[in-house]
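Q: model_12.tsv is reproduced below (TSV, C-alpha atoms).
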chain	number	residue	atom	x	y	z
Q	69	MET	CA	-45.22	-48.03	37.64
Q	70	THR	CA	-47.41	-45.13	38.59
Q	71	SER	CA	-49.80	-43.35	36.30
Q	72	HIS	CA	-47.66	-40.29	36.86
Q	73	ASN	CA	-44.69	-42.10	35.36
Q	74	ASN	CA	-46.83	-43.37	32.51
Q	75	SER	CA	-47.87	-39.82	31.75
Q	76	ALA	CA	-44.28	-38.69	31.90
Q	77	ASN	CA	-43.32	-41.47	29.50
Q	78	GLU	CA	-46.10	-40.57	27.14
Q	79	ALA	CA	-45.16	-36.91	27.21
Q	80	ALA	CA	-41.50	-37.68	26.52
Q	81	PHE	CA	-42.45	-40.06	23.74
Q	82	THR	CA	-44.80	-37.50	22.19
Q	83	SER	CA	-42.01	-34.95	22.26
Q	84	LEU	CA	-39.67	-37.35	20.50
Q	85	TYR	CA	-42.40	-38.21	18.01
Q	86	ARG	CA	-43.00	-34.54	17.20
Q	87	GLU	CA	-39.31	-33.94	16.69
Q	88	HIS	CA	-38.57	-36.89	14.43
Q	89	TYR	CA	-41.86	-37.71	12.71
Q	90	SER	CA	-40.97	-35.69	9.59
Q	91	ALA	CA	-37.59	-37.37	9.24
Q	92	VAL	CA	-39.04	-40.86	9.51
Q	93	ARG	CA	-41.84	-40.02	7.12
Q	94	ALA	CA	-39.48	-38.42	4.58
Q	95	TYR	CA	-37.25	-41.47	4.61
Q	96	ALA	CA	-40.16	-43.92	4.41
Q	97	SER	CA	-41.53	-41.97	1.45
Q	98	VAL	CA	-38.51	-42.85	-0.69
Q	99	CYS	CA	-38.54	-46.51	0.34
Q	100	VAL	CA	-42.14	-47.63	-0.11
Q	101	PRO	CA	-45.20	-46.74	-2.19
Q	102	HIS	CA	-47.27	-43.83	-0.97
Q	103	SER	CA	-50.05	-46.09	0.29
Q	104	GLU	CA	-47.68	-47.82	2.73
Q	105	ILE	CA	-46.01	-44.78	4.27
Q	106	ASP	CA	-48.42	-44.36	7.19
Q	107	ASP	CA	-48.10	-48.02	8.15
Q	108	ILE	CA	-44.31	-47.87	8.05
Q	109	VAL	CA	-44.25	-44.74	10.19
Q	110	ALA	CA	-46.64	-46.33	12.68
Q	111	ASP	CA	-44.59	-49.54	12.84
Q	112	VAL	CA	-41.41	-47.58	13.46
Q	113	PHE	CA	-42.88	-45.62	16.33
Q	114	VAL	CA	-44.49	-48.73	17.83
Q	115	VAL	CA	-41.00	-50.22	18.05
Q	116	CYS	CA	-39.75	-46.94	19.47
Q	117	TRP	CA	-42.49	-46.89	22.13
Q	118	ARG	CA	-41.77	-50.48	23.11
Q	119	ARG	CA	-38.05	-49.84	23.37
Q	120	PHE	CA	-38.21	-46.27	24.54
Q	121	ARG	CA	-35.53	-46.75	27.18
Q	122	ASP	CA	-33.10	-47.99	24.50
Q	123	VAL	CA	-33.37	-44.91	22.32
Q	124	PRO	CA	-30.11	-42.94	22.53
Q	125	SER	CA	-31.11	-39.40	23.53
Q	126	ASP	CA	-28.67	-37.55	21.33
Q	127	TRP	CA	-28.95	-39.87	18.36
Q	128	ALA	CA	-32.64	-40.64	18.35
Q	129	ARG	CA	-33.01	-39.72	14.70
Q	130	GLY	CA	-30.31	-42.15	13.60
Q	131	TRP	CA	-31.83	-44.87	15.77
Q	132	LEU	CA	-35.27	-44.27	14.25
Q	133	ILE	CA	-33.89	-44.33	10.72
Q	134	GLY	CA	-32.18	-47.63	11.56
Q	135	VAL	CA	-35.51	-49.05	12.75
Q	136	THR	CA	-37.17	-47.71	9.59
Q	137	ARG	CA	-34.63	-49.54	7.45
Q	138	ASN	CA	-35.39	-52.76	9.33
Q	139	VAL	CA	-39.14	-52.32	9.09
Q	140	VAL	CA	-38.94	-51.61	5.36
Q	141	ARG	CA	-36.62	-54.55	4.84
Q	142	ALA	CA	-38.88	-56.92	6.77
Q	143	ARG	CA	-41.93	-55.73	4.83
Q	144	ASN	CA	-40.19	-56.04	1.46
Q	145	ARG	CA	-38.84	-59.42	2.40
Q	146	SER	CA	-42.23	-60.89	3.16
Q	147	ALA	CA	-43.69	-59.34	0.01
Q	148	ARG	CA	-40.99	-60.84	-2.13
Q	149	ARG	CA	-41.15	-64.19	-0.41
Q	150	SER	CA	-44.77	-64.44	-1.37
Q	151	GLU	CA	-43.77	-63.73	-4.94
Q	152	GLY	CA	-41.17	-66.48	-4.74
Q	153	PHE	CA	-37.98	-64.51	-5.11
Q	154	ILE	CA	-35.63	-62.36	-3.16
Q	155	ASP	CA	-34.38	-59.15	-4.65
Q	156	HIS	CA	-33.00	-56.03	-3.09
Q	157	LEU	CA	-34.34	-55.73	0.39
Q	158	ILE	CA	-34.60	-52.00	0.27
Q	159	ARG	CA	-35.68	-50.15	-2.82
Q	160	LEU	CA	-35.32	-46.45	-2.92
Q	161	ARG	CA	-37.92	-44.76	-5.02
Q	162	PRO	CA	-36.21	-42.03	-7.00
Q	163	PRO	CA	-38.02	-38.72	-6.70
Q	164	ASN	CA	-39.73	-37.35	-9.76
Q	165	TRP	CA	-37.19	-34.62	-10.13
Q	166	VAL	CA	-37.65	-34.03	-13.81
Q	167	GLU	CA	-41.42	-34.00	-13.68
Q	168	ASP	CA	-41.92	-32.19	-10.44
Q	169	ASN	CA	-38.96	-29.93	-9.93
Q	170	HIS	CA	-38.74	-26.41	-11.17
Q	171	MET	CA	-35.07	-27.03	-11.88
Q	172	ALA	CA	-35.98	-29.59	-14.50
Q	173	ASN	CA	-33.22	-28.87	-16.91
Q	174	GLU	CA	-30.46	-30.81	-18.59
Q	175	GLU	CA	-28.30	-30.76	-15.47
Q	176	VAL	CA	-31.07	-32.27	-13.38
Q	177	ARG	CA	-31.90	-34.88	-15.99
Q	178	GLN	CA	-28.25	-35.89	-16.08
Q	179	LEU	CA	-28.09	-35.99	-12.31
Q	180	ASN	CA	-31.22	-38.10	-12.19
Q	181	GLU	CA	-29.73	-40.61	-14.60
Q	182	ALA	CA	-26.40	-40.68	-12.77
Q	183	PHE	CA	-28.13	-41.17	-9.42
Q	184	SER	CA	-30.22	-44.02	-10.76
Q	185	LYS	CA	-27.05	-45.87	-11.81
Q	186	LEU	CA	-25.57	-45.83	-8.31
Q	187	SER	CA	-25.96	-48.72	-5.93
Q	188	LEU	CA	-28.87	-48.58	-3.51
Q	189	GLY	CA	-26.38	-48.19	-0.69
Q	190	ASP	CA	-24.85	-45.11	-2.30
Q	191	GLN	CA	-28.28	-43.67	-3.05
Q	192	GLU	CA	-29.38	-44.19	0.52
Q	193	LEU	CA	-26.27	-42.54	1.95
Q	194	LEU	CA	-26.46	-39.57	-0.40
Q	195	LEU	CA	-30.04	-39.04	0.55
Q	196	LEU	CA	-29.61	-39.38	4.30
Q	197	ALA	CA	-26.37	-37.41	4.52
Q	198	GLY	CA	-27.64	-34.73	2.11
Q	199	PRO	CA	-31.28	-33.68	1.97
Q	200	HIS	CA	-32.22	-35.57	5.13
Q	201	GLU	CA	-29.34	-33.92	7.00
Q	202	LEU	CA	-28.41	-36.85	9.19
Q	203	SER	CA	-25.20	-36.18	11.07
Q	204	VAL	CA	-22.30	-38.62	10.96
Q	205	GLY	CA	-23.27	-39.79	14.44
Q	206	ASP	CA	-26.86	-40.44	13.41
Q	207	LEU	CA	-25.72	-42.28	10.28
Q	208	ALA	CA	-23.38	-44.40	12.37
Q	209	ILE	CA	-26.29	-45.39	14.61
Q	210	ALA	CA	-28.62	-45.95	11.66
Q	211	PHE	CA	-26.24	-48.22	9.79
Q	212	GLY	CA	-24.62	-49.84	12.81
Q	213	ILE	CA	-21.15	-48.80	11.72
Q	214	LYS	CA	-18.55	-46.44	13.13
Q	215	PRO	CA	-18.27	-42.74	12.31
Q	216	GLY	CA	-15.03	-43.23	10.38
Q	217	ALA	CA	-16.73	-45.78	8.12
Q	218	VAL	CA	-19.64	-43.38	7.60
Q	219	LYS	CA	-17.29	-40.66	6.43
Q	220	VAL	CA	-15.56	-43.02	4.01
Q	221	ARG	CA	-18.82	-44.33	2.59
Q	222	VAL	CA	-20.35	-40.90	2.14
Q	223	HIS	CA	-17.15	-39.65	0.55
Q	224	ARG	CA	-17.11	-42.57	-1.89
Q	225	ALA	CA	-20.80	-42.20	-2.73
Q	226	ARG	CA	-20.31	-38.51	-3.52
Q	227	GLN	CA	-17.29	-39.30	-5.66
Q	228	ARG	CA	-19.23	-41.90	-7.58
Q	229	LEU	CA	-22.09	-39.48	-8.20
Q	230	ARG	CA	-19.70	-36.83	-9.49
Q	231	ASN	CA	-17.90	-39.40	-11.66
Q	232	ALA	CA	-21.15	-40.70	-13.11
Q	233	VAL	CA	-22.29	-37.18	-14.00
Q	234	ALA	CA	-18.91	-36.47	-15.60
Q	235	VAL	CA	-19.16	-39.62	-17.70
Q	236	LEU	CA	-22.65	-38.69	-18.89
Q	237	ASP	CA	-21.56	-35.13	-19.53
Q	238	ALA	CA	-18.76	-36.42	-21.76
Q	239	GLY	CA	-21.31	-38.38	-23.77
Q	240	GLY	CA	-20.48	-41.72	-22.23
Q	241	GLU	CA	-22.60	-44.33	-20.53
Q	242	VAL	CA	-22.43	-45.17	-16.85
Q	243	ALA	CA	-21.85	-48.87	-16.29
W	3	MET	CA	-18.95	-31.86	-15.58
W	4	SER	CA	-18.67	-28.84	-17.81
W	5	ALA	CA	-17.23	-25.56	-16.62
W	6	GLY	CA	-19.88	-23.49	-14.89
W	7	GLN	CA	-22.04	-26.47	-13.97
W	8	THR	CA	-23.18	-26.90	-10.41
W	9	ASP	CA	-21.45	-29.54	-8.32
W	10	PRO	CA	-23.72	-32.61	-8.69
W	11	VAL	CA	-23.72	-33.20	-4.94
W	12	GLU	CA	-24.79	-29.61	-4.27
W	13	LEU	CA	-27.43	-29.85	-6.94
W	14	PHE	CA	-28.68	-33.12	-5.50
W	15	ASN	CA	-28.95	-31.65	-2.01
W	16	ASN	CA	-30.96	-28.67	-3.23
W	17	LEU	CA	-33.59	-30.32	-5.35
W	18	GLY	CA	-36.54	-29.29	-3.25
W	19	TRP	CA	-36.73	-32.38	-1.09
W	20	PRO	CA	-39.38	-32.53	1.62
W	21	THR	CA	-38.04	-31.07	4.82
W	22	ALA	CA	-36.99	-33.79	7.20
W	23	ASP	CA	-35.61	-31.66	10.00
W	24	ILE	CA	-38.76	-30.00	11.26
W	25	ALA	CA	-40.98	-30.72	14.25
W	26	VAL	CA	-44.48	-31.73	13.31
W	27	ASP	CA	-47.42	-29.73	14.64
W	28	LEU	CA	-49.91	-32.31	15.87
W	29	LYS	CA	-52.72	-29.77	15.90
W	30	SER	CA	-52.48	-29.00	12.22
W	31	ASP	CA	-51.26	-32.37	10.88
W	32	ALA	CA	-54.16	-34.78	11.25
W	33	ILE	CA	-52.26	-37.74	9.79
W	34	ALA	CA	-49.39	-37.35	12.24
W	35	ALA	CA	-51.84	-37.01	15.14
W	36	SER	CA	-53.75	-40.08	14.08
W	37	ILE	CA	-50.60	-42.19	13.76
W	38	LEU	CA	-49.49	-41.11	17.23
W	39	ASP	CA	-52.87	-42.03	18.61
W	40	ARG	CA	-52.65	-45.39	16.89
W	41	VAL	CA	-49.19	-46.07	18.29
W	42	LEU	CA	-50.11	-45.15	21.85
W	43	ASN	CA	-53.36	-47.09	21.76
W	44	GLU	CA	-51.99	-50.18	20.06
W	45	GLU	CA	-49.26	-50.27	22.62
W	46	GLY	CA	-51.49	-49.31	25.52
W	47	ASN	CA	-50.46	-52.34	27.54
W	48	VAL	CA	-46.77	-51.80	27.11
W	49	VAL	CA	-45.24	-49.86	29.95
W	50	PRO	CA	-41.81	-48.65	28.96
W	51	LEU	CA	-39.40	-47.66	31.69
W	52	LEU	CA	-39.06	-44.00	32.43
W	53	ARG	CA	-36.02	-42.54	30.84
W	54	THR	CA	-34.30	-39.26	30.94
W	55	PRO	CA	-36.12	-36.57	29.00
W	56	GLN	CA	-35.35	-36.38	25.34
W	57	ARG	CA	-32.71	-33.79	24.82
W	58	ARG	CA	-32.57	-31.71	21.72
W	59	ARG	CA	-30.27	-33.51	19.37
W	60	ARG	CA	-27.12	-31.58	18.91
W	61	ARG	CA	-25.45	-31.67	15.60
W	62	LEU	CA	-22.24	-30.50	17.14
W	63	GLY	CA	-22.62	-33.13	19.82
W	64	LEU	CA	-21.10	-35.45	17.26
W	65	ILE	CA	-17.89	-34.45	18.93
W	66	ALA	CA	-18.56	-36.48	22.03
W	67	PHE	CA	-20.03	-39.39	20.13
W	68	SER	CA	-17.23	-39.60	17.63
W	69	THR	CA	-14.54	-39.50	20.20
W	70	VAL	CA	-16.15	-42.17	22.33
W	71	MET	CA	-16.63	-44.39	19.33
W	72	ILE	CA	-13.14	-43.79	18.13
W	73	GLY	CA	-11.78	-44.29	21.60
W	74	THR	CA	-13.19	-47.75	21.68
W	75	ALA	CA	-12.72	-48.61	18.08
W	76	GLY	CA	-9.94	-46.46	16.78
W	77	THR	CA	-10.23	-47.44	13.19
W	78	VAL	CA	-12.67	-48.99	10.86
W	79	ALA	CA	-12.38	-51.42	8.02
W	80	ALA	CA	-15.02	-50.45	5.50
W	81	ALA	CA	-14.95	-53.95	4.22
W	82	THR	CA	-17.48	-54.00	1.48
W	83	LEU	CA	-15.01	-56.04	-0.54
W	84	LEU	CA	-15.11	-58.63	2.19
W	85	ARG	CA	-18.76	-59.34	1.82
W	86	SER	CA	-18.52	-62.36	4.03
W	87	SER	CA	-16.55	-60.59	6.74
W	88	PRO	CA	-18.06	-58.05	9.10
W	89	ASP	CA	-17.07	-54.39	9.34
W	90	ASP	CA	-17.80	-54.53	13.02
W	91	ASN	CA	-15.86	-57.22	14.83
W	92	ARG	CA	-16.84	-56.00	18.27
W	93	SER	CA	-20.50	-56.91	18.43
W	94	VAL	CA	-22.89	-59.59	17.26
W	95	SER	CA	-26.57	-59.14	16.55
W	96	CYS	CA	-28.67	-62.07	17.77
W	97	TRP	CA	-31.87	-62.44	15.79
W	98	ALA	CA	-34.83	-64.13	17.44
W	99	THR	CA	-36.20	-65.25	14.09
W	100	ALA	CA	-35.10	-65.12	10.48
W	101	GLU	CA	-37.84	-62.58	9.95
W	102	ASN	CA	-35.89	-60.32	12.27
W	103	PRO	CA	-38.50	-58.04	13.79
W	104	PRO	CA	-36.46	-55.02	14.83
W	105	SER	CA	-37.80	-55.24	18.37
W	106	GLN	CA	-36.36	-58.70	18.78
W	107	GLN	CA	-32.71	-58.08	18.03
W	108	ASP	CA	-30.16	-58.25	20.79
W	109	VAL	CA	-26.70	-56.88	20.33
W	110	VAL	CA	-24.00	-58.52	22.40
W	111	ALA	CA	-20.33	-57.67	22.79
W	112	TRP	CA	-17.87	-59.82	20.86
W	113	ASP	CA	-14.13	-60.19	21.16
W	114	GLY	CA	-13.88	-60.93	17.45
W	115	GLU	CA	-12.59	-64.44	18.09
W	116	LYS	CA	-15.30	-66.51	19.77
W	117	GLU	CA	-17.68	-68.40	17.54
W	118	PRO	CA	-20.46	-65.80	17.08
W	119	SER	CA	-23.28	-68.32	17.43
W	120	SER	CA	-22.08	-69.23	20.95
W	121	LEU	CA	-22.98	-65.69	22.03
W	122	CYS	CA	-26.63	-66.09	21.11
W	123	GLU	CA	-27.81	-68.85	23.37
W	124	GLY	CA	-31.38	-67.81	23.83
W	125	SER	CA	-32.61	-67.99	20.27
W	126	GLY	CA	-34.67	-71.10	20.91
W	127	THR	CA	-33.16	-73.38	18.30
W	128	ASP	CA	-29.93	-75.35	18.01
W	129	LEU	CA	-29.57	-74.56	14.35
W	130	LYS	CA	-27.98	-71.15	13.96
W	131	ALA	CA	-26.45	-69.55	10.89
W	132	VAL	CA	-23.86	-66.80	11.08
W	133	CYS	CA	-24.46	-64.16	8.42
W	134	VAL	CA	-23.15	-60.71	7.59
W	135	THR	CA	-25.63	-57.93	6.90
W	136	GLU	CA	-25.30	-55.33	4.18
W	137	ALA	CA	-24.06	-52.93	6.85
W	138	GLY	CA	-21.25	-55.31	7.80
W	139	ILE	CA	-22.81	-56.51	11.03
W	140	THR	CA	-22.44	-60.12	12.14
W	141	ALA	CA	-25.91	-61.57	12.63
W	142	VAL	CA	-26.71	-64.93	14.22
W	143	VAL	CA	-29.95	-66.13	12.66
W	144	PRO	CA	-31.98	-69.22	13.59
W	145	GLY	CA	-31.84	-71.72	10.75
W	146	PRO	CA	-29.46	-73.60	8.46
W	147	PRO	CA	-26.54	-71.82	6.74
W	148	SER	CA	-28.67	-71.41	3.63
W	149	ILE	CA	-30.92	-69.02	5.56
W	150	CYS	CA	-28.36	-66.25	5.03
W	151	ALA	CA	-28.86	-66.24	1.26
W	152	GLU	CA	-32.59	-66.75	1.62
W	153	ILE	CA	-32.99	-63.54	3.56
W	154	GLY	CA	-30.56	-61.56	1.43
W	155	LEU	CA	-27.47	-61.74	3.63
W	156	THR	CA	-24.08	-63.31	3.04
W	157	GLU	CA	-22.70	-66.22	4.99
W	158	PHE	CA	-19.99	-65.33	7.48
W	159	ARG	CA	-16.54	-66.71	6.82
W	160	THR	CA	-13.46	-66.35	8.98
W	161	PRO	CA	-10.66	-64.75	6.95
W	162	GLU	CA	-7.82	-67.01	5.80
W	163	PRO	CA	-4.68	-66.25	7.84
W	164	GLU	CA	-2.54	-65.04	4.93
W	165	SER	CA	-5.25	-63.36	2.95
W	166	ASP	CA	-5.72	-59.65	2.51
W	167	ASN	CA	-8.68	-59.96	4.81
W	168	ALA	CA	-6.44	-61.10	7.61
W	169	ARG	CA	-3.97	-58.31	6.91
W	170	ILE	CA	-6.78	-55.78	6.93
W	171	ALA	CA	-8.16	-57.16	10.18
W	172	ARG	CA	-4.67	-56.96	11.69
W	173	ALA	CA	-4.18	-53.41	10.43
W	174	ASP	CA	-7.56	-52.45	11.87
W	175	GLU	CA	-6.53	-53.84	15.24
W	176	LEU	CA	-3.13	-52.12	15.28
W	177	LEU	CA	-4.46	-48.79	14.06
W	178	GLY	CA	-7.16	-48.97	16.71
W	179	ALA	CA	-4.55	-49.47	19.39
W	180	GLU	CA	-2.27	-46.64	18.28
W	181	LEU	CA	-4.63	-44.03	16.90
W	182	ASN	CA	-7.39	-43.29	19.31
W	183	ALA	CA	-9.19	-40.33	20.70
W	184	THR	CA	-7.42	-40.30	24.02
W	185	THR	CA	-4.31	-39.08	22.25
W	186	CYS	CA	-5.34	-36.57	19.63
W	187	GLN	CA	-2.91	-36.92	16.77
W	188	ASP	CA	-2.95	-34.51	13.90
W	189	GLU	CA	-2.97	-35.33	10.21
W	190	ASP	CA	0.81	-35.57	9.79
W	191	GLU	CA	1.38	-37.67	12.90
W	192	SER	CA	-1.49	-39.96	12.04
W	193	TYR	CA	-0.25	-40.34	8.49
W	194	LYS	CA	3.13	-41.52	9.75
W	195	VAL	CA	1.60	-44.00	12.19
W	196	ALA	CA	-0.83	-45.34	9.59
W	197	ARG	CA	1.91	-45.69	6.99
W	198	ARG	CA	4.14	-47.58	9.39
W	199	LEU	CA	1.40	-49.97	10.49
W	200	LEU	CA	0.10	-50.62	6.98
W	201	ASP	CA	3.66	-51.42	5.87
W	202	GLN	CA	4.12	-53.65	8.88
W	203	VAL	CA	1.17	-55.89	8.00
W	204	GLY	CA	2.00	-56.05	4.30
W	205	LEU	CA	-0.41	-53.44	2.98
W	206	ASP	CA	2.47	-51.31	1.77
W	207	ASP	CA	0.84	-50.65	-1.59
W	208	TRP	CA	-2.17	-48.95	0.02
W	209	PRO	CA	-2.17	-45.17	-0.37
W	210	ILE	CA	-3.40	-42.94	2.44
W	211	GLU	CA	-5.75	-40.13	1.50
W	212	THR	CA	-7.43	-37.41	3.52
W	213	ILE	CA	-11.19	-36.88	3.59
W	214	GLY	CA	-12.43	-33.43	4.52
W	215	GLN	CA	-10.63	-30.53	6.17
W	216	PHE	CA	-8.81	-30.61	9.47
W	217	SER	CA	-9.82	-27.58	11.50
W	218	ARG	CA	-9.85	-26.15	15.00
W	219	GLY	CA	-13.06	-28.01	15.67
W	220	GLU	CA	-11.82	-31.28	14.22
W	221	PRO	CA	-8.03	-31.33	14.63
W	222	CYS	CA	-7.54	-35.03	15.36
W	223	ALA	CA	-7.37	-37.83	12.85
W	224	THR	CA	-9.03	-41.19	12.66
W	225	VAL	CA	-8.16	-43.81	10.08
W	226	ALA	CA	-10.66	-45.80	8.09
W	227	LEU	CA	-9.73	-48.65	5.79
W	228	ASP	CA	-11.41	-48.99	2.43
W	229	PRO	CA	-10.75	-52.49	1.07
W	230	PRO	CA	-12.59	-52.09	-2.25
W	231	ASN	CA	-10.28	-49.24	-3.18
W	232	ARG	CA	-7.27	-50.63	-1.28
W	233	THR	CA	-6.93	-47.24	0.34
W	234	ALA	CA	-6.69	-45.92	3.88
W	235	TYR	CA	-8.40	-42.64	4.65
W	236	LEU	CA	-7.61	-40.09	7.30
W	237	ALA	CA	-10.70	-38.29	8.50
W	238	PRO	CA	-10.80	-35.31	10.87
W	239	VAL	CA	-12.59	-35.75	14.17
W	240	PRO	CA	-12.97	-33.59	17.27
W	241	PRO	CA	-10.71	-34.10	20.30
W	242	SER	CA	-12.04	-36.01	23.25
W	243	PRO	CA	-13.89	-33.78	25.74
Let me see the structure of the file written as structure tokens.
A:
Amino acid sequence: MTSHNNSANEAAFTSLYREHYSAVRAYASVCVPHSEIDDIVADVFVVCWRRFRDVPSDWARGWLIGVTRNVVRARNRSARRSEGFIDHLIRLRPPNWVEDNHMANEEVRQLNEAFSKLSLGDQELLLLAGPHELSVGDLAIAFGIKPGAVKVRVHRARQRLRNAVAVLDAGGEVA
Amino acid sequence: MSAGQTDPVELFNNLGWPTADIAVDLKSDAIAASILDRVLNEEGNVVPLLRTPQRRRRRLGLIAFSTVMIGTAGTVAAATLLRSSPDDNRSVSCWATAENPPSQQDVVAWDGEKEPSSLCEGSGTDLKAVCVTEAGITAVVPGPPSICAEIGLTEFRTPEPESDNARIARADELLGAELNATTCQDEDESYKVARRLLDQVGLDDWPIETIGQFSRGEPCATVALDPPNRTAYLAPVPPSP
């Protein structure tokens, strides 16, 4: 391969990196402690660079989020193995809404509690389909499922969040 | 939720999250620039093949993607109830090691019937476990069957012929054959087809509900099965291009 092609590859990769760096970093930041974010981002883009020809042009963000999930899972798995137990492979770190957010009111506190009671899968979907703005197509690539299944899962996760808030609002406890 | 309260989902989405959908400026973000440098230098000996230039991702381009996916798949069983059965019965992920470095996964086509481990010949060991990932993907992993639990996956099991799993798999297959993107069928038509096929396979107690709004942009229906809730959903999708 010529140096010209190498330069072209590098330029295309850099363009992709610029476009999706923030998304990968934002997702990594809810999965791992702050000190590990840079390493996760680097690992994800190393995989991307190695497999550049496999990255689907229109769904690169979903593909990168899928790789991020794998990288985080692999890292958590080895950490837990060394501790002698297996727990959840991905742990989302809830944001410090109440402490950090200017909307820190009763509604937000309730939402925070409701969110924390959801499964990790629901939390992950709500985050990626909501604030992270992944499209259905990107989510399908990221999770390795079909768009119809994405729609169902997002729908169910949103329903469960609303139900959990309603239960808390009525003075109940979310199971 | 009390009257006047914000919808929790809306509230959640507007909590001041860091912006994910923004291009990074490598001149002003030293961390991003240094990670890029690290990636390119660490991988300096890897020469990836030239590919077509990255096109701007198109949110509305979901149209093409969805229709292609639906054209090949038709329907989906969101089988979280069936933790030992895959959601995707059309591909198998072959893991090179149980540690599963993402760069060492191969995805191969599957007819849903062949023994999954027979599709992953090159894994370097005779001992192969068939697991199901949390996303419902069938994964062939080097090691004994116990490796599935050890790495946090469930062991794959073929559904019993008369079980709900088998009925769901059959419904998935039939719905996929009749409701696909090549023939755009609207909500009412799709409802009738789905009802008939669910009844035919013995899932006559499953209700069919609609997710989202059918519109000019998304006038066609796809069907997704939701085993945990014993419900079938109709979801709007765009027509094929």
Q: Counting all atoms listed in the file, which residue out of Q:Lys219, Q:Pro199, Q:Glu174, Q:Lys185 sits closest to Gln7 in chain W?
A: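 When distances to Gln7 in chain W are compared using all atoms listed in the file, the smallest one comes from Q:Glu174.
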Q: Just to confirm, what's the straight-line distance from CA of Thr21 in chain W to CA of Ser97 in chain Q in Å (one decimal)?
A: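 Pair CA of Thr21 in chain W / CA of Ser97 in chain Q returns 11.9 Å.
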Q: Hey, can you check how far CA of Glu189 in chain W sits from CA of Ala223 in chain W?
A: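 Between these atoms lies a distance of 5.7 Å.
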Q: Compile the contact shell of Ile133 in chain Q as a list in words: residues with an atom at most 9 Å away, counting all atoms listed in the file, same-chain residues fewer than 5 positions apart removed.
A: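 Everything that qualifies: Ala91, Val92, Tyr95, Ala96, Val112, Ala128, Asn138, Asp206, Leu207, Ile209, Ala210 and Phe211 of chain Q.
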Q: Near chain W, meaning an atom within 6 Å, which residues of chain Q appear when counting all atoms listed in the file? Write them as a VMD selection string.
A: chain Q and resid 77 86 to 87 90 to 91 94 110 114 to 115 121 125 to 126 198 to 200 205 211 216 to 217 230 234 237
Q: Interatomic distance between CA of Leu194 in chain Q and CA of Leu229 in chain Q?
A: 8.9 Å
Q: Skipping near chain neighbours, those fewer than 4 positions away, what residues fall within 7 Å of Arg169 in chain W using all atoms listed in the file, listed as a PyMOL selection string?
A: chain W and resi 165+173+203-204
Q: Suppose we keep C-alpha atoms; can you now write the selection as a PDB file, in the coordinates of the input?
A:
ATOM      1  CA  SER W 165      -5.250 -63.360   2.950  1.00  0.00           C
ATOM      2  CA  ALA W 173      -4.180 -53.410  10.430  1.00  0.00           C
ATOM      3  CA  VAL W 203       1.170 -55.890   8.000  1.00  0.00           C
ATOM      4  CA  GLY W 204       2.000 -56.050   4.300  1.00  0.00           C
TER       5      GLY W 204
END
Q: Would you compute the box with edges along x, y and z of the file around range 122-127 of chain Q, including every atom the file lists for it and 4 Å extra on each side, and give its centre and edge lengths in Å to one decimal, as JSON?
A:
{"center_x": -31.0, "center_y": -42.8, "center_z": 21.4, "size_x": 12.7, "size_y": 18.4, "size_z": 14.1}
Q: Tell me which of W:Ile210, W:Leu205, W:Val142, W:Cys222 sits closest to Cys186 in chain W, counting all atoms listed in the file.
A: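 For Cys186 in chain W, the nearest of the candidates is W:Cys222.
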Q: Using all atoms listed in the file, find the one residue out of Q:Val123, Q:Val100, Q:Ala182, Q:Ile105 that sits nearest to Val235 in chain Q.
A: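 Closest candidate: Q:Ala182.
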Q: Given all atoms listed in the file as the basis, pick out the residue of Q:Arg119, Q:His88, Q:Lys214, Q:Arg143 nearest to Asp107 in chain Q.
A: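 Closest to Asp107 in chain Q of all the choices is Q:Arg143.
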